[in-house]
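Novice: Sharing a structure, written as structure tokens. Questions coming.
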Amino acid sequence: MNRFRLIFLLPALFVVSGLQAQSPKYRVVSVPVAKGNKQLKFPWTGGMNAPQFSSCELNNDGIPDLFVFDRVGNKVLTYINLGNGSDTTFQYAPQYENLFPSDLEHWALIRDYNKDGIPDIFTRAVFFDGNPYVGTRVLKGKIENGHLAFDVVRPVLYYRDGSFDVNIWTNVDDIPVFTDVNRDGDIDILTFGIFGSTVEYYENQTVEHAGDPQYHVDSLKFLLETMCWGNFSEHGLTNSIMLNISCKGTGSDLYEENGTRHSGSTIFNFDADNDHDVDLLLGDISFNNLVFVQNCGDSSYANACAWDSLFPSCNTPALMPIFPAAYGVDADNDGTEDMLVAPNARQGATDVSNVMFYKGTGNPVCVVNYQSDTFLTHHSLDFGTDSKPVLFDFNNDGLLDIVVGNYGYFRPFTTYKSAIAVYLNTGTSTNPRFELLTDDYNTFSNFAIVGMHPAFGDLDGDGKPDMLVGDLTGYLHFFKNNGSSGASFPSMTTPQYFGIDVGQYSAPFIYDVNGDNLNDLIIGRRDGRISYYWNFGTTAAPLFHADSVNNFFGNVNVTVPGFLDGYACPFVTTDSAGNKLLYSGSTQGSVFKYLINPANLRSGSFQMLDSNVVGESVGSKSVFTMADLNNDGWMEYIIGNSRGGLMFYSDSVWDISTLPIGIANQPEHNERLFIYPNPAKDFVVCRIETGSITDTKVEVVNMLGQTVELDIRFAEKEIRINTQALQRGVYFVRIKTGKHFYSGKFIVGE
């Protein structure tokens, strides 16, 4: 497997909080992972907990791709549509994720409000203009230098109330509807009002004022048409529907009649009965079901005439603990809109098998037909909520395996089920490959410990690494390694190890920090701080005590403004120069890096070297582990997050296809790679500026990272690639000559 080091020409991409990452980290998606006899299609996505789905054209091939925004961690995921059927049609393509703004929060939906064929974004807004305004922000898509980009056109949407502009309010946990309600050609809004019992209808005034420059398409001016669209209201306590509700009175009157409003509601619009108007599906934060509301009116006047609390009643109902939301995309490329259902809760909801796929039938008798509850998710690693990975040679074969703890798997009406999974490295020293050994090692879930966070190190002097497990309550639990050829932890040896209690969310790491040949404990905490317990015992009999602790290790605090907690998760290593380095994950998803000052172990501060080691947020609650997994001298990084999956990064480029779209690159070596003619028609020639081409391997890949088989011929100083079989588009060539790597791209034109 070839690796490449590329230098980005836009280092500002990695500037966060005023500190620049020392070197870019590159996404890796090609390392294979198997569960049983099944190889995961895209294991390293990071998981999904509360995904929101929108169709979105990403690669300009005319086939709708997929934009996913997960409100848990506010993370964008992008998928390219390959044009087959079912969810095998989508291929994870992280190279497009950097095209989207990094400040999207809570919900984000793709719509094309100005009909220019370029995706626009409607997302949650908190806008400050002297006073805070809560509502919807709109970002207009554009093509810039051949790639998708966005400009804010409305920091918050307003409607006209007499002579005043009033922000269109949306609850932080609501998902409104942005669609052409009255079928006049522009985007209108349906949303639950501030009192929460009725749906308010805001009519876009662009068409009504055609020709008026004050109502141009980007003005997005709305009129509050009615406060009880469809003449129905939703009961605040039961989520049942009351029909024939009048809009007489105020929203507060309806609020008083129907009880306490829901603190979150989702709305999905579709035409269930093919009568060319808008029907709705409603989800609520305290319930598992979707409520269908049928519109028996028309596009100009909505009137709800029937409702159903178990949709679809014709087959498997969409029940999703807890707080379901529905989204419309063509998931199988048959030209009919399908429906995806996923939780909308920020926490406390189904976190695996949590995307239901309903195939659209086009038949109003049964408009959708249930297919599965694992759309896309069964292709990825997912450990529920808050994945906590550690690289550790579990079977003592010289290859690092992956051990993963978690906060747990969601279970309704009881506590989370926390477990430890083990994926063995069944590859080689240069090509890792991981295969599931167990997803609940020794049924540790029976201990009923929530928030298992494993760490490994020899704590009893027998030469075998033992295991400590941190938990939600702040304690540590000791598991002695009784293995002979590999690790074996048959039972918990010592609960609440030495009575150590760091408050909440203990995240231990075992390392000899002070160089006395005794392993110490470095423990992250919920408050963003790190506790350092130095070992004052012996090799065979460690001792830790409240008197041997620095609760403000290096004065590190990874809590950032806007967050109440930090969720520090430490990792310590020594670099080639002998410097001890401290890394820590954090609640906002970035990884911090500090230089440990040996003189300041018991008090004092460490120098922060980097506030975002990987150059991007992985979501939230990042947990960091690193090693050189292929012995090429560059480090690899596996990172867990609140969505429960894993993300893989490296200091070297493994997968050219994952390089962020729109960022130029150049070879690392001084020798330049020339590719000509470019654009190409029948062939391209690759020539390295100096030296001959010997011991050479060549690979051509398309924009999806797929290897293309071509006729490649070698001469003394050049490589000739026949391109006649290639379709129009951009391709990458990867060349390995001896120990050197080169890469470049070429375009196949007419």
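Convention: chains lettered A, B, ... in structure tokens order; per-chain residue numbering from 1; ligands numbered from 1 as shown.
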Counting only C-alpha atoms, what are the residues of stretch 435-461 of chain A within 10 Å of stretch 474-496 of chain A, and for each of them which pair of atoms is the nearest and at what distance in Å, to one decimal? Sort the table by chain and rising number, as CSV.
Specialist:
```
residue,atom,partner,partner_atom,distance
A:Tyr441,CA,A:Phe489,CA,8.9
A:Asn442,CA,A:Pro490,CA,6.7
A:Thr443,CA,A:Pro490,CA,9.8
A:Phe444,CA,A:Ser491,CA,8.3
A:Phe447,CA,A:Met492,CA,8.9
A:Ile449,CA,A:His477,CA,9.7
A:Gly451,CA,A:Gly474,CA,9.5
A:Met452,CA,A:Leu476,CA,9.4
A:His453,CA,A:Leu476,CA,9.1
A:Pro454,CA,A:His477,CA,9.4
A:Ala455,CA,A:Phe478,CA,9.9
A:Phe456,CA,A:Phe479,CA,9.6
A:Gly457,CA,A:Asn481,CA,9.7
A:Asp458,CA,A:Asn481,CA,8.6
A:Leu459,CA,A:Lys480,CA,8.5
A:Asp460,CA,A:Lys480,CA,8.3
```
Novice: Measuring atom to atom with only C-alpha atoms, identify which of A:Asp393, A:Gln727, A:Pro317, A:Leu99 is nearest to A:Met356.
Specialist: A:Pro317
Novice: Could you tell me which of A:Asp277, A:Asp218, A:Asp308, A:Glu718 comes closest to A:Asn289 if we count only C-alpha atoms?
Specialist: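 Result for the nearest residue to A:Asn289: A:Asp308.
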Novice: Residues near stretch 73-75 of chain A, anyone? I mean within 6 Å using only C-alpha atoms, not counting same-chain ones fewer than 3 positions away, as a VMD selection string.
Specialist: chain A and resid 69 to 70 105 619 to 620
Novice: Given the selection you just returned, output its residues as a file containing N, CA and C atoms, formatted as an mmCIF file, in the first residue's frame.
Specialist:
```
data_model
loop_
_atom_site.group_PDB
_atom_site.id
_atom_site.type_symbol
_atom_site.label_atom_id
_atom_site.label_comp_id
_atom_site.auth_asym_id
_atom_site.auth_seq_id
_atom_site.Cartn_x
_atom_site.Cartn_y
_atom_site.Cartn_z
ATOM 1 N N PHE A 69 -25.693 15.720 7.984
ATOM 2 C CA PHE A 69 -25.278 16.556 9.107
ATOM 3 C C PHE A 69 -25.729 15.878 10.385
ATOM 4 N N ASP A 70 -24.766 15.511 11.234
ATOM 5 C CA ASP A 70 -25.096 14.867 12.503
ATOM 6 C C ASP A 70 -25.080 15.916 13.604
ATOM 7 N N GLU A 105 -24.685 24.340 13.136
ATOM 8 C CA GLU A 105 -25.050 23.836 14.453
ATOM 9 C C GLU A 105 -26.498 23.347 14.471
ATOM 10 N N GLY A 619 -15.916 16.031 15.464
ATOM 11 C CA GLY A 619 -17.280 16.033 15.982
ATOM 12 C C GLY A 619 -17.277 16.609 17.376
ATOM 13 N N SER A 620 -17.367 15.760 18.374
ATOM 14 C CA SER A 620 -17.234 16.188 19.763
ATOM 15 C C SER A 620 -16.714 15.025 20.590
#
```
Novice: List as a ChimeraX atom specification the protein and nucleic acid residues near A:Phe394, meaning an atom at most 8 Å away when only C-alpha atoms are counted, but skip any in the same chain fewer than 2 places from it.
Specialist: /A:392,396,400-401,424,486-487
Novice: Any chance you can output those residues with N, CA, C and O atoms as an mmCIF file, in the first residue's frame?
Specialist:
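And here's selection-v9.cif as it stands now:
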```
data_model
loop_
_atom_site.group_PDB
_atom_site.id
_atom_site.type_symbol
_atom_site.label_atom_id
_atom_site.label_comp_id
_atom_site.auth_asym_id
_atom_site.auth_seq_id
_atom_site.Cartn_x
_atom_site.Cartn_y
_atom_site.Cartn_z
ATOM 1 N N PHE A 392 -3.240 -1.224 21.069
ATOM 2 C CA PHE A 392 -2.612 -2.108 22.042
ATOM 3 C C PHE A 392 -2.439 -3.490 21.408
ATOM 4 O O PHE A 392 -3.362 -3.998 20.763
ATOM 5 N N ASN A 396 -0.287 -10.119 21.352
ATOM 6 C CA ASN A 396 1.169 -10.217 21.473
ATOM 7 C C ASN A 396 1.816 -10.810 20.214
ATOM 8 O O ASN A 396 2.756 -11.595 20.296
ATOM 9 N N LEU A 400 -0.153 -3.899 16.388
ATOM 10 C CA LEU A 400 -1.063 -3.189 17.277
ATOM 11 C C LEU A 400 -2.509 -3.423 16.866
ATOM 12 O O LEU A 400 -2.882 -3.268 15.702
ATOM 13 N N ASP A 401 -3.317 -3.814 17.837
ATOM 14 C CA ASP A 401 -4.742 -4.025 17.651
ATOM 15 C C ASP A 401 -5.492 -2.796 18.149
ATOM 16 O O ASP A 401 -4.906 -1.856 18.691
ATOM 17 N N LEU A 424 -8.645 -7.255 16.194
ATOM 18 C CA LEU A 424 -7.271 -7.709 16.024
ATOM 19 C C LEU A 424 -6.719 -7.255 14.683
ATOM 20 O O LEU A 424 -7.427 -7.248 13.670
ATOM 21 N N GLY A 486 -0.774 -14.015 25.087
ATOM 22 C CA GLY A 486 -1.440 -12.759 24.781
ATOM 23 C C GLY A 486 -2.134 -12.229 26.019
ATOM 24 O O GLY A 486 -2.061 -12.820 27.103
ATOM 25 N N ALA A 487 -2.799 -11.102 25.874
ATOM 26 C CA ALA A 487 -3.473 -10.493 27.020
ATOM 27 C C ALA A 487 -4.714 -11.288 27.394
ATOM 28 O O ALA A 487 -5.429 -11.801 26.532
#
```
Novice: Using only C-alpha atoms, determine which residues lie at most 10 Å from A:Asn702, disregarding the query and same-chain residues fewer than 3 positions distant; provide the list as a PyMOL selection string.
Specialist: chain A and resi 656-657+705-708+726+729-733+745
Novice: Compare A:Tyr583, A:Phe42, A:Phe563, A:Phe536 by their minimum atom-to-atom distance to A:Val549, counting only C-alpha atoms, and give me the closest one.
Specialist: A:Phe536
Novice: Within 12 Å of A:Thr206, counting only C-alpha atoms, which residues show up once you throw out same-chain ones fewer than 3 positions away? Write them as a list of chain:residue names, please.
Specialist: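 The filter keeps A:Tyr113, A:Asn114, A:Asp180, A:Asp184, A:Gly185, A:Asp186, A:Ile187, A:Asp188, A:Glu203, A:His209, A:Ala210, A:Gly211, A:Asp212, A:Pro213, A:Gln214, A:Tyr215, A:His216, A:Val217, A:Asp218, A:Ser219, A:Leu220, A:Lys221, A:Phe222, A:Leu223.
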Novice: Go ahead and dump the residues you just picked, N, CA and C atoms, as a short mmCIF file (atom, residue, chain, number, x, y, z; two decimals), in the first residue's frame.
Specialist:
```cif
data_model
loop_
_atom_site.label_atom_id
_atom_site.label_comp_id
_atom_site.auth_asym_id
_atom_site.auth_seq_id
_atom_site.Cartn_x
_atom_site.Cartn_y
_atom_site.Cartn_z
N TYR A 113 -32.88 27.27 -3.02
CA TYR A 113 -33.97 28.25 -2.94
C TYR A 113 -34.02 29.14 -4.18
N ASN A 114 -32.86 29.33 -4.87
CA ASN A 114 -32.85 30.25 -6.02
C ASN A 114 -32.83 29.53 -7.36
N ASP A 180 -41.82 24.45 -1.16
CA ASP A 180 -42.78 25.30 -1.85
C ASP A 180 -44.19 24.85 -1.44
N ASP A 184 -45.99 27.93 -5.83
CA ASP A 184 -45.84 29.08 -6.72
C ASP A 184 -44.40 29.24 -7.19
N GLY A 185 -43.49 28.34 -6.77
CA GLY A 185 -42.13 28.35 -7.30
C GLY A 185 -41.06 28.83 -6.37
N ASP A 186 -41.41 29.29 -5.15
CA ASP A 186 -40.36 29.71 -4.22
C ASP A 186 -40.49 28.94 -2.89
N ILE A 187 -39.46 29.04 -2.07
CA ILE A 187 -39.37 28.26 -0.83
C ILE A 187 -40.12 28.96 0.30
N ASP A 188 -41.10 28.26 0.87
CA ASP A 188 -41.83 28.75 2.04
C ASP A 188 -41.36 27.99 3.28
N GLU A 203 -45.02 32.55 4.22
CA GLU A 203 -45.04 32.51 2.76
C GLU A 203 -43.96 33.41 2.18
N HIS A 209 -44.28 39.45 -5.50
CA HIS A 209 -43.78 40.79 -5.83
C HIS A 209 -42.79 40.71 -6.99
N ALA A 210 -43.12 39.91 -7.97
CA ALA A 210 -42.24 39.75 -9.13
C ALA A 210 -41.96 41.10 -9.79
N GLY A 211 -40.71 41.36 -10.08
CA GLY A 211 -40.32 42.62 -10.70
C GLY A 211 -39.94 43.69 -9.71
N ASP A 212 -40.28 43.53 -8.45
CA ASP A 212 -39.92 44.51 -7.42
C ASP A 212 -38.51 44.19 -6.94
N PRO A 213 -37.53 45.10 -7.15
CA PRO A 213 -36.14 44.80 -6.76
C PRO A 213 -35.97 44.55 -5.26
N GLN A 214 -36.92 45.05 -4.44
CA GLN A 214 -36.82 44.79 -3.00
C GLN A 214 -37.18 43.34 -2.66
N TYR A 215 -37.77 42.64 -3.61
CA TYR A 215 -38.17 41.25 -3.39
C TYR A 215 -37.46 40.32 -4.37
N HIS A 216 -36.18 40.61 -4.61
CA HIS A 216 -35.39 39.73 -5.47
C HIS A 216 -35.24 38.38 -4.78
N VAL A 217 -34.78 37.38 -5.54
CA VAL A 217 -34.80 36.00 -5.04
C VAL A 217 -33.96 35.82 -3.77
N ASP A 218 -32.90 36.62 -3.63
CA ASP A 218 -32.04 36.51 -2.45
C ASP A 218 -32.56 37.30 -1.26
N SER A 219 -33.64 38.04 -1.45
CA SER A 219 -34.15 38.84 -0.33
C SER A 219 -34.77 37.97 0.74
N LEU A 220 -35.37 36.84 0.32
CA LEU A 220 -35.96 35.89 1.27
C LEU A 220 -36.85 36.60 2.29
N LYS A 221 -37.81 37.34 1.77
CA LYS A 221 -38.76 38.03 2.62
C LYS A 221 -40.03 37.21 2.75
N PHE A 222 -40.53 37.11 3.96
CA PHE A 222 -41.66 36.23 4.24
C PHE A 222 -42.80 37.00 4.89
N LEU A 223 -43.99 36.44 4.74
CA LEU A 223 -45.19 36.95 5.40
C LEU A 223 -45.78 35.83 6.23
#
```
Novice: Run DSSP on the backbone of this structure and report the residues of stretch 352-590 of chain A it assigns to strand (DSSP E or B), as a PyMOL selection string.
Specialist: chain A and resi 355-360+368-372+374+385-392+401-409+417+421-425+434-438+453-457+466-470+475-479+494+501+507-511+520-524+530-533+549-550+569-574+580-585
